[in-house]
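Structure file my_file-v3.tsv (TSV, C-alpha atoms) is printed below.
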chain	number	residue	atom	x	y	z
A	1	MET	CA	77.73	128.08	71.70
A	2	ILE	CA	78.24	124.69	70.03
A	3	TYR	CA	80.65	122.26	71.71
A	4	ILE	CA	81.72	119.28	69.57
A	5	GLY	CA	83.79	116.36	70.87
A	6	VAL	CA	83.89	112.59	71.37
A	7	THR	CA	83.38	110.03	74.12
A	8	GLY	CA	86.58	109.43	76.06
A	9	TRP	CA	90.03	110.56	75.01
A	10	GLY	CA	92.15	107.43	75.22
A	11	ASP	CA	91.28	105.54	72.02
A	12	HIS	CA	91.33	108.21	69.31
A	13	ASP	CA	94.71	107.41	67.79
A	14	ARG	CA	94.41	109.79	64.85
A	15	LEU	CA	94.72	112.71	67.30
A	16	TYR	CA	98.00	111.71	68.88
A	17	GLY	CA	101.61	111.34	67.94
A	18	PRO	CA	103.29	107.91	68.19
A	19	HIS	CA	105.04	108.83	71.44
A	20	THR	CA	102.09	110.34	73.30
A	21	SER	CA	101.78	108.82	76.77
A	22	PRO	CA	98.34	107.91	78.16
A	23	ARG	CA	98.64	110.67	80.79
A	24	SER	CA	99.30	113.27	78.09
A	25	LYS	CA	96.42	112.36	75.79
A	26	LEU	CA	93.81	114.63	77.35
A	27	LYS	CA	96.15	117.63	77.03
A	28	GLU	CA	96.55	116.90	73.33
A	29	TYR	CA	92.87	116.09	72.89
A	30	ALA	CA	92.01	119.55	74.21
A	31	GLY	CA	93.92	121.02	71.27
A	32	PHE	CA	91.23	119.63	68.93
A	33	PHE	CA	87.95	119.76	70.85
A	34	PRO	CA	86.37	121.97	73.55
A	35	THR	CA	84.44	119.17	75.29
A	36	VAL	CA	84.64	115.46	76.07
A	37	GLU	CA	82.40	112.80	77.57
A	38	VAL	CA	84.02	111.10	80.56
A	39	ASP	CA	83.18	107.42	80.25
A	40	ALA	CA	85.52	106.16	83.00
A	41	SER	CA	82.93	107.40	85.51
A	42	PHE	CA	80.44	104.84	84.15
A	43	TYR	CA	82.64	101.89	85.15
A	44	ALA	CA	83.69	103.21	88.55
A	45	VAL	CA	83.08	106.29	90.66
A	46	GLN	CA	86.32	108.15	90.09
A	47	PRO	CA	88.48	109.52	92.91
A	48	THR	CA	88.51	113.31	93.00
A	49	LYS	CA	92.25	113.32	92.28
A	50	ASN	CA	91.49	111.99	88.77
A	51	ALA	CA	88.96	114.70	88.06
A	52	GLN	CA	91.33	117.32	89.45
A	53	ARG	CA	94.11	116.16	87.12
A	54	TRP	CA	91.76	116.23	84.12
A	55	VAL	CA	90.56	119.70	85.05
A	56	ASN	CA	94.18	120.87	85.32
A	57	ASP	CA	95.03	119.33	81.93
A	58	THR	CA	92.43	121.37	80.01
A	59	PRO	CA	91.86	125.05	79.15
A	60	SER	CA	89.65	127.17	81.41
A	61	SER	CA	86.70	127.04	78.97
A	62	PHE	CA	86.83	123.25	78.46
A	63	GLN	CA	83.64	121.37	79.38
A	64	PHE	CA	83.18	117.81	80.70
A	65	ILE	CA	80.10	115.66	80.21
A	66	VAL	CA	80.36	113.09	82.99
A	67	LYS	CA	78.55	109.81	82.49
A	68	ALA	CA	76.63	108.57	85.53
A	69	TYR	CA	78.01	105.49	87.27
A	70	GLN	CA	76.47	102.25	86.03
A	71	GLY	CA	74.96	101.43	89.42
A	72	MET	CA	72.95	104.66	89.24
A	73	THR	CA	71.33	103.69	85.94
A	74	GLY	CA	70.72	99.99	86.56
A	75	HIS	CA	73.43	98.60	84.29
A	76	SER	CA	75.21	96.79	87.13
A	77	ARG	CA	72.02	94.94	88.19
A	78	GLY	CA	72.53	95.73	91.88
A	79	GLU	CA	76.23	94.80	92.06
A	80	HIS	CA	78.20	97.76	93.36
A	81	PRO	CA	80.65	98.54	96.19
A	82	PHE	CA	78.21	100.71	98.14
A	83	GLU	CA	75.99	99.90	101.10
A	84	SER	CA	73.05	101.78	99.61
A	85	LYS	CA	72.00	103.78	96.59
A	86	GLU	CA	72.04	106.90	98.74
A	87	GLN	CA	75.68	106.30	99.55
A	88	MET	CA	76.42	105.62	95.86
A	89	PHE	CA	74.89	108.91	94.76
A	90	GLU	CA	76.72	110.85	97.47
A	91	ALA	CA	80.04	109.31	96.44
A	92	PHE	CA	79.38	110.14	92.81
A	93	LYS	CA	78.47	113.75	93.62
A	94	GLU	CA	81.66	114.04	95.68
A	95	SER	CA	83.65	112.94	92.61
A	96	LEU	CA	82.21	115.87	90.65
A	97	LYS	CA	83.58	118.61	92.91
A	98	PRO	CA	86.70	119.44	90.83
A	99	TYR	CA	84.58	119.93	87.71
A	100	ILE	CA	82.03	122.07	89.55
A	101	GLU	CA	84.60	124.21	91.36
A	102	SER	CA	86.41	124.96	88.08
A	103	ASN	CA	83.12	125.65	86.22
A	104	LYS	CA	83.91	122.79	83.83
A	105	LEU	CA	80.93	120.50	84.42
A	106	ALA	CA	78.61	120.73	81.43
A	107	MET	CA	76.25	118.04	82.73
A	108	VAL	CA	75.95	114.53	84.10
A	109	LEU	CA	74.60	112.05	81.56
A	110	PHE	CA	72.13	109.43	82.79
A	111	GLN	CA	71.98	106.83	80.03
A	112	PHE	CA	69.55	104.07	80.88
A	113	PRO	CA	69.74	100.51	79.52
A	114	PRO	CA	67.43	98.95	76.89
A	115	TRP	CA	65.38	97.17	79.55
A	116	PHE	CA	64.52	100.47	81.29
A	117	ASP	CA	61.10	100.86	79.69
A	118	CYS	CA	58.29	103.33	80.19
A	119	LYS	CA	56.42	102.31	83.33
A	120	ARG	CA	55.45	103.85	86.66
A	121	GLU	CA	58.30	102.47	88.78
A	122	HIS	CA	60.86	103.78	86.28
A	123	VAL	CA	59.26	107.21	86.16
A	124	ASP	CA	59.40	107.26	89.97
A	125	TYR	CA	63.05	106.28	89.90
A	126	LEU	CA	63.85	109.12	87.48
A	127	ARG	CA	62.25	111.55	89.92
A	128	TRP	CA	64.28	110.04	92.75
A	129	CYS	CA	67.52	110.41	90.75
A	130	LYS	CA	66.79	114.03	89.96
A	131	ASP	CA	66.05	114.75	93.61
A	132	LYS	CA	69.34	113.15	94.71
A	133	MET	CA	71.34	115.15	92.16
A	134	LYS	CA	69.90	118.42	93.57
A	135	ASP	CA	70.97	121.40	91.45
A	136	ILE	CA	73.50	119.49	89.30
A	137	GLN	CA	72.43	119.67	85.65
A	138	CYS	CA	71.61	116.23	84.27
A	139	ALA	CA	70.91	114.87	80.80
A	140	LEU	CA	68.59	111.94	80.19
A	141	GLU	CA	69.03	109.32	77.48
A	142	PHE	CA	66.65	106.43	76.97
A	143	ARG	CA	67.41	103.18	75.17
A	144	HIS	CA	63.92	101.67	75.15
A	145	GLN	CA	61.59	102.77	72.38
A	146	SER	CA	58.49	102.77	74.58
A	147	TRP	CA	59.28	106.24	75.94
A	148	PHE	CA	58.69	107.77	72.51
A	149	ARG	CA	55.85	105.65	71.19
A	150	PRO	CA	52.75	107.69	70.23
A	151	ALA	CA	50.90	106.80	73.44
A	152	TYR	CA	53.68	108.17	75.67
A	153	TYR	CA	55.59	110.64	73.48
A	154	ASN	CA	53.96	113.87	74.70
A	155	ARG	CA	53.93	112.73	78.32
A	156	THR	CA	57.64	111.83	78.15
A	157	ILE	CA	58.50	115.27	76.78
A	158	GLN	CA	56.31	116.97	79.39
A	159	PHE	CA	57.84	114.90	82.18
A	160	MET	CA	61.38	115.82	81.12
A	161	GLN	CA	60.40	119.49	80.97
A	162	THR	CA	58.77	119.41	84.40
A	163	GLU	CA	61.73	117.62	85.98
A	164	ASN	CA	64.22	119.87	84.13
A	165	TRP	CA	66.18	117.09	82.40
A	166	ILE	CA	68.52	118.06	79.57
A	167	HIS	CA	67.47	116.13	76.47
A	168	SER	CA	69.99	113.69	74.95
A	169	ILE	CA	69.07	113.41	71.26
A	170	CYS	CA	70.42	110.20	69.73
A	171	ASP	CA	71.45	109.17	66.25
A	172	GLU	CA	71.54	105.39	66.46
A	173	PRO	CA	70.44	102.25	64.58
A	174	GLN	CA	66.70	101.73	64.43
A	175	ALA	CA	66.58	98.19	65.74
A	176	GLY	CA	63.30	97.65	67.53
A	177	ASP	CA	62.61	98.16	71.24
A	178	GLY	CA	66.29	98.58	72.12
A	179	SER	CA	66.71	101.87	70.26
A	180	ILE	CA	65.03	105.25	70.11
A	181	PRO	CA	64.25	107.48	67.14
A	182	ILE	CA	65.80	110.89	66.54
A	183	VAL	CA	63.64	113.16	68.70
A	184	LEU	CA	64.36	116.77	67.76
A	185	GLU	CA	62.76	118.30	70.82
A	186	ARG	CA	64.20	121.05	72.97
A	187	ILE	CA	63.39	120.25	76.59
A	188	THR	CA	65.09	123.12	78.41
A	189	GLY	CA	66.26	126.37	76.85
A	190	HIS	CA	69.70	126.34	78.44
A	191	LYS	CA	71.44	123.16	77.24
A	192	LEU	CA	70.94	120.34	74.75
A	193	LEU	CA	72.97	117.19	74.03
A	194	ILE	CA	73.31	115.22	70.77
A	195	ARG	CA	75.08	111.84	70.77
A	196	PHE	CA	76.11	109.98	67.61
A	197	HIS	CA	76.23	106.21	68.12
A	198	GLY	CA	76.49	105.20	64.46
A	199	ARG	CA	73.98	103.24	62.39
A	200	ASN	CA	75.34	99.71	62.51
A	201	ILE	CA	72.12	97.74	63.00
A	202	HIS	CA	73.87	94.33	63.01
A	203	GLY	CA	76.39	95.47	65.62
A	204	TRP	CA	73.69	97.12	67.73
A	205	GLN	CA	71.80	93.87	68.07
A	206	LYS	CA	74.88	91.68	68.54
A	207	ARG	CA	75.25	90.20	72.02
A	208	THR	CA	78.32	87.98	71.66
A	209	GLU	CA	81.52	88.21	73.67
A	210	ASN	CA	83.10	90.85	71.41
A	211	TRP	CA	79.99	93.02	71.05
A	212	ARG	CA	81.87	96.19	72.05
A	213	GLU	CA	84.13	95.78	69.02
A	214	VAL	CA	81.23	95.98	66.57
A	215	ARG	CA	78.38	97.84	68.30
A	216	TYR	CA	79.72	101.29	67.39
A	217	LEU	CA	81.47	100.27	64.18
A	218	TYR	CA	80.25	102.96	61.80
A	219	ARG	CA	81.58	105.96	59.90
A	220	TYR	CA	79.13	108.72	59.01
A	221	ASN	CA	79.42	109.84	55.42
A	222	ARG	CA	79.36	113.47	54.35
A	223	LYS	CA	75.71	113.40	53.28
A	224	GLU	CA	74.61	112.07	56.67
A	225	LEU	CA	76.57	114.77	58.47
A	226	GLU	CA	75.20	117.47	56.15
A	227	GLU	CA	71.68	116.39	57.09
A	228	TRP	CA	72.63	117.00	60.70
A	229	VAL	CA	74.07	120.44	59.91
A	230	GLU	CA	70.56	121.56	58.95
A	231	ARG	CA	69.08	120.11	62.14
A	232	ILE	CA	71.79	121.65	64.30
A	233	ASP	CA	71.26	125.06	62.70
A	234	LYS	CA	67.64	124.93	63.86
A	235	LEU	CA	68.39	123.54	67.32
A	236	LYS	CA	71.12	126.07	68.11
A	237	LYS	CA	68.54	128.86	67.82
A	238	GLN	CA	66.50	127.21	70.58
A	239	THR	CA	69.19	126.68	73.21
A	240	ASP	CA	72.12	128.54	74.76
A	241	GLU	CA	74.62	125.67	74.72
A	242	LEU	CA	74.55	122.72	72.32
A	243	TYR	CA	76.83	119.76	73.06
A	244	ILE	CA	77.57	117.16	70.38
A	245	VAL	CA	79.61	114.00	71.01
A	246	PHE	CA	80.51	111.14	68.69
A	247	ASN	CA	80.48	107.65	70.18
A	248	ASN	CA	81.00	105.67	66.94
A	249	ASN	CA	84.51	104.54	67.77
A	250	SER	CA	84.63	100.75	67.42
A	251	GLY	CA	86.65	101.39	64.25
A	252	GLY	CA	88.26	104.64	65.34
A	253	ASP	CA	85.89	106.88	63.34
A	254	ALA	CA	84.55	109.18	66.06
A	255	ALA	CA	87.32	111.81	66.01
A	256	ASP	CA	87.34	112.03	62.20
A	257	ASN	CA	83.57	112.50	62.10
A	258	ALA	CA	83.69	115.12	64.86
A	259	LEU	CA	86.40	117.09	63.05
A	260	GLU	CA	84.44	116.83	59.81
A	261	LEU	CA	81.31	118.19	61.47
A	262	ILE	CA	83.30	121.12	62.87
A	263	GLN	CA	84.46	121.88	59.33
A	264	LEU	CA	80.95	121.55	57.88
A	265	MET	CA	79.58	123.86	60.57
A	266	ASP	CA	82.39	126.33	59.81
A	267	ILE	CA	83.31	126.51	63.50
A	268	GLU	CA	86.67	127.86	64.63
A	269	TYR	CA	87.37	127.40	68.33
A	270	LYS	CA	89.58	130.18	69.72
A	271	ASP	CA	90.51	128.82	73.14
A	272	LEU	CA	91.72	125.27	72.55
A	273	ALA	CA	94.91	123.97	74.12
A	274	PRO	CA	98.14	124.45	72.14
A	275	ARG	CA	98.77	121.57	69.76
A	276	GLN	CA	101.81	119.46	70.66
A	277	LEU	CA	104.41	118.79	67.97
A	278	ASP	CA	105.94	115.33	68.06
A	279	LEU	CA	109.49	115.98	66.83
A	280	PHE	CA	110.89	112.54	67.44
Rewrite the structure from the file as structure tokens, please.
Amino acid sequence: MIYIGVTGWGDHDRLYGPHTSPRSKLKEYAGFFPTVEVDASFYAVQPTKNAQRWVNDTPSSFQFIVKAYQGMTGHSRGEHPFESKEQMFEAFKESLKPYIESNKLAMVLFQFPPWFDCKREHVDYLRWCKDKMKDIQCALEFRHQSWFRPAYYNRTIQFMQTENWIHSICDEPQAGDGSIPIVLERITGHKLLIRFHGRNIHGWQKRTENWREVRYLYRYNRKELEEWVERIDKLKKQTDELYIVFNNNSGGDAADNALELIQLMDIEYKDLAPRQLDLF
């Protein structure tokens, strides 16, 4: 099964009518895609009532990829409203219950920052994270190139296999240490994740006040997507469930690219939510 979607559901204007309320957007989103990446969970551990509402707003087969809270991956640099990391992880796992109970949790995505490089203390922390998450399926995405340099490549793959991490394959700008190459490796046979970040090298390296407005400013052209169709055809034979999300939305291109890939893959989803018609 191939699940194609985007990151978040609030900012993809091309999907919604002019009178769609923020609370109704996920219901309409689920009429286009069978999966979504929850990014709100990165900025704050969400109350279970939010997850319960999102679960209720989507079809029974819909799948959520929930991004790990920023304090769990080192983005918040130690600033978080929890007394300890143990308490933080327990609160985050509690927030996942509605997804788990409805069988709608595809995975939790641990995306680590560019300064999280390949060294012993970071390997130990990855083991600690996996232990705390218990039997919850987790995907791992690096942002520092050292993990896939020749000296560490095979050991990184072996480590992820041993620790049973789902591999997050990235399409992103190749901009030195703060980016990783496309690594077409299947880590586990059950699930695989592909994330499209765009190829805006200038925006990727930009660190000014408005960096979020340009970092993911990129629209994949048809040729680039067709190249991925060939890769996906090979990968889908190696895994049971393949999840693909587009994150290139600084210019609102993610939904269009996701819909185009669905067309190129000749996929027709049978159990999407009914599309809403905006009559007024």
Check: Which residues, written as a VMD selection string, have at least one atom at most 8 Å from range 59-61 of chain A, with only C-alpha atoms counted and residues fewer than 3 positions away on the same chain left out?
Finding: chain A and resid 30 34 56 102 104 271 to 273
Margin query: Give me, as a ChimeraX atom specification, all polymer residues having an atom no more than 8 Å from Gly203 in chain A, counting all atoms listed in the file and skipping those fewer than 4 positions away in the same chain.
Written below: /A:211,214-217
Item checked: CA of Val245 in chain A to CA of Ile262 in chain A, straight-line distance in Å -> 11.4 Å
Check: Distance CA of Gln263 in chain A-CA of His19 in chain A, one decimal place?
Finding: 27.2 Å
Next item on the list: Find the residues near Arg231 in chain A: any atom within 9 Å, counting all atoms listed in the file, skip ones fewer than 5 places away on the same chain, and give them as number ranges by chain.
Entry: A: 184, 226, 236
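One finds CA of Lys132 in chain A at 15.7 Å from CA of Phe82 in chain A.
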Item checked: Spatial sel., origin (86.1, 117.9, 60.0), limit 12 Å, only C-alpha atoms, listed as a PyMOL selection string -> chain A and resi 4-5+32-33+220-222+225-226+253-268
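For the set A:Tyr3, A:Thr73, A:Arg219, A:Val229, the residue with the smallest atom-to-atom gap to Gly252 in chain A is A:Arg219, counting only C-alpha atoms.
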Margin query: Just want the 10 Å neighbourhood of Ile136 in chain A, counted on only C-alpha atoms, with same-chain residues fewer than 6 positions away dropped. Output as a PyMOL selection string.
Written below: chain A and resi 93+96+100+105-108+130
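Closest approach to His202 in chain A from the set A:Arg155, A:Glu224, A:Gly189, A:Gln174 is made by A:Gln174, with distances taken over only C-alpha atoms.
Shell of Gly8 in chain A at 7 Å, with only C-alpha atoms counted and residues fewer than 2 places along the chain excluded, is A:Val6, A:Gly10, A:Val36, A:Glu37, A:Val38, A:Asp39.
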Could you complete range 231-259 of chain A so that it carries N, CA and C atoms, and give it back as a PDB file, keeping the file's coordinate frame?
ATOM      1  N   ARG A 231      69.781 120.283  60.867  1.00  0.00           N
ATOM      2  CA  ARG A 231      69.080 120.110  62.140  1.00  0.00           C
ATOM      3  C   ARG A 231      69.735 120.939  63.239  1.00  0.00           C
ATOM      4  N   ILE A 232      71.058 120.919  63.266  1.00  0.00           N
ATOM      5  CA  ILE A 232      71.790 121.650  64.300  1.00  0.00           C
ATOM      6  C   ILE A 232      71.571 123.152  64.159  1.00  0.00           C
ATOM      7  N   ASP A 233      71.514 123.636  62.930  1.00  0.00           N
ATOM      8  CA  ASP A 233      71.260 125.060  62.700  1.00  0.00           C
ATOM      9  C   ASP A 233      69.932 125.495  63.325  1.00  0.00           C
ATOM     10  N   LYS A 234      68.940 124.615  63.272  1.00  0.00           N
ATOM     11  CA  LYS A 234      67.640 124.930  63.860  1.00  0.00           C
ATOM     12  C   LYS A 234      67.690 124.818  65.388  1.00  0.00           C
ATOM     13  N   LEU A 235      68.346 123.770  65.874  1.00  0.00           N
ATOM     14  CA  LEU A 235      68.390 123.540  67.320  1.00  0.00           C
ATOM     15  C   LEU A 235      69.200 124.608  68.049  1.00  0.00           C
ATOM     16  N   LYS A 236      70.272 125.093  67.427  1.00  0.00           N
ATOM     17  CA  LYS A 236      71.120 126.070  68.110  1.00  0.00           C
ATOM     18  C   LYS A 236      70.400 127.391  68.364  1.00  0.00           C
ATOM     19  N   LYS A 237      69.326 127.639  67.621  1.00  0.00           N
ATOM     20  CA  LYS A 237      68.540 128.860  67.820  1.00  0.00           C
ATOM     21  C   LYS A 237      67.585 128.720  69.019  1.00  0.00           C
ATOM     22  N   GLN A 238      67.445 127.484  69.514  1.00  0.00           N
ATOM     23  CA  GLN A 238      66.500 127.210  70.580  1.00  0.00           C
ATOM     24  C   GLN A 238      67.162 127.012  71.940  1.00  0.00           C
ATOM     25  N   THR A 239      68.496 126.977  71.967  1.00  0.00           N
ATOM     26  CA  THR A 239      69.190 126.680  73.210  1.00  0.00           C
ATOM     27  C   THR A 239      70.465 127.505  73.321  1.00  0.00           C
ATOM     28  N   ASP A 240      70.916 127.745  74.540  1.00  0.00           N
ATOM     29  CA  ASP A 240      72.120 128.540  74.760  1.00  0.00           C
ATOM     30  C   ASP A 240      73.388 127.759  74.452  1.00  0.00           C
ATOM     31  N   GLU A 241      73.425 126.499  74.890  1.00  0.00           N
ATOM     32  CA  GLU A 241      74.620 125.670  74.720  1.00  0.00           C
ATOM     33  C   GLU A 241      74.217 124.324  74.138  1.00  0.00           C
ATOM     34  N   LEU A 242      74.841 123.973  73.023  1.00  0.00           N
ATOM     35  CA  LEU A 242      74.550 122.720  72.320  1.00  0.00           C
ATOM     36  C   LEU A 242      75.801 121.861  72.336  1.00  0.00           C
ATOM     37  N   TYR A 243      75.694 120.686  72.944  1.00  0.00           N
ATOM     38  CA  TYR A 243      76.830 119.760  73.060  1.00  0.00           C
ATOM     39  C   TYR A 243      76.607 118.582  72.113  1.00  0.00           C
ATOM     40  N   ILE A 244      77.649 118.238  71.366  1.00  0.00           N
ATOM     41  CA  ILE A 244      77.570 117.160  70.380  1.00  0.00           C
ATOM     42  C   ILE A 244      78.764 116.243  70.586  1.00  0.00           C
ATOM     43  N   VAL A 245      78.519 114.952  70.832  1.00  0.00           N
ATOM     44  CA  VAL A 245      79.610 114.000  71.010  1.00  0.00           C
ATOM     45  C   VAL A 245      79.411 112.793  70.109  1.00  0.00           C
ATOM     46  N   PHE A 246      80.515 112.321  69.552  1.00  0.00           N
ATOM     47  CA  PHE A 246      80.510 111.140  68.690  1.00  0.00           C
ATOM     48  C   PHE A 246      80.988 109.934  69.487  1.00  0.00           C
ATOM     49  N   ASN A 247      80.194 108.870  69.440  1.00  0.00           N
ATOM     50  CA  ASN A 247      80.480 107.650  70.180  1.00  0.00           C
ATOM     51  C   ASN A 247      80.738 106.466  69.248  1.00  0.00           C
ATOM     52  N   ASN A 248      80.837 106.730  67.948  1.00  0.00           N
ATOM     53  CA  ASN A 248      81.000 105.670  66.940  1.00  0.00           C
ATOM     54  C   ASN A 248      82.474 105.317  66.770  1.00  0.00           C
ATOM     55  N   ASN A 249      83.059 104.694  67.801  1.00  0.00           N
ATOM     56  CA  ASN A 249      84.510 104.540  67.770  1.00  0.00           C
ATOM     57  C   ASN A 249      84.998 103.093  67.781  1.00  0.00           C
ATOM     58  N   SER A 250      84.140 102.125  67.486  1.00  0.00           N
ATOM     59  CA  SER A 250      84.630 100.750  67.420  1.00  0.00           C
ATOM     60  C   SER A 250      85.714 100.599  66.359  1.00  0.00           C
ATOM     61  N   GLY A 251      85.633 101.414  65.295  1.00  0.00           N
ATOM     62  CA  GLY A 251      86.650 101.390  64.250  1.00  0.00           C
ATOM     63  C   GLY A 251      87.509 102.633  64.208  1.00  0.00           C
ATOM     64  N   GLY A 252      87.444 103.446  65.263  1.00  0.00           N
ATOM     65  CA  GLY A 252      88.260 104.640  65.340  1.00  0.00           C
ATOM     66  C   GLY A 252      87.754 105.803  64.493  1.00  0.00           C
ATOM     67  N   ASP A 253      86.442 105.864  64.243  1.00  0.00           N
ATOM     68  CA  ASP A 253      85.890 106.880  63.340  1.00  0.00           C
ATOM     69  C   ASP A 253      85.363 108.131  64.042  1.00  0.00           C
ATOM     70  N   ALA A 254      85.222 108.089  65.347  1.00  0.00           N
ATOM     71  CA  ALA A 254      84.550 109.180  66.060  1.00  0.00           C
ATOM     72  C   ALA A 254      85.272 110.516  65.885  1.00  0.00           C
ATOM     73  N   ALA A 255      86.580 110.538  66.087  1.00  0.00           N
ATOM     74  CA  ALA A 255      87.320 111.810  66.010  1.00  0.00           C
ATOM     75  C   ALA A 255      87.265 112.388  64.599  1.00  0.00           C
ATOM     76  N   ASP A 256      87.415 111.541  63.581  1.00  0.00           N
ATOM     77  CA  ASP A 256      87.340 112.030  62.200  1.00  0.00           C
ATOM     78  C   ASP A 256      85.981 112.646  61.904  1.00  0.00           C
ATOM     79  N   ASN A 257      84.908 111.975  62.340  1.00  0.00           N
ATOM     80  CA  ASN A 257      83.570 112.500  62.100  1.00  0.00           C
ATOM     81  C   ASN A 257      83.335 113.796  62.858  1.00  0.00           C
ATOM     82  N   ALA A 258      83.854 113.889  64.078  1.00  0.00           N
ATOM     83  CA  ALA A 258      83.690 115.120  64.860  1.00  0.00           C
ATOM     84  C   ALA A 258      84.423 116.279  64.206  1.00  0.00           C
ATOM     85  N   LEU A 259      85.640 116.036  63.731  1.00  0.00           N
ATOM     86  CA  LEU A 259      86.400 117.090  63.050  1.00  0.00           C
ATOM     87  C   LEU A 259      85.725 117.499  61.743  1.00  0.00           C
TER      88      LEU A 259
END
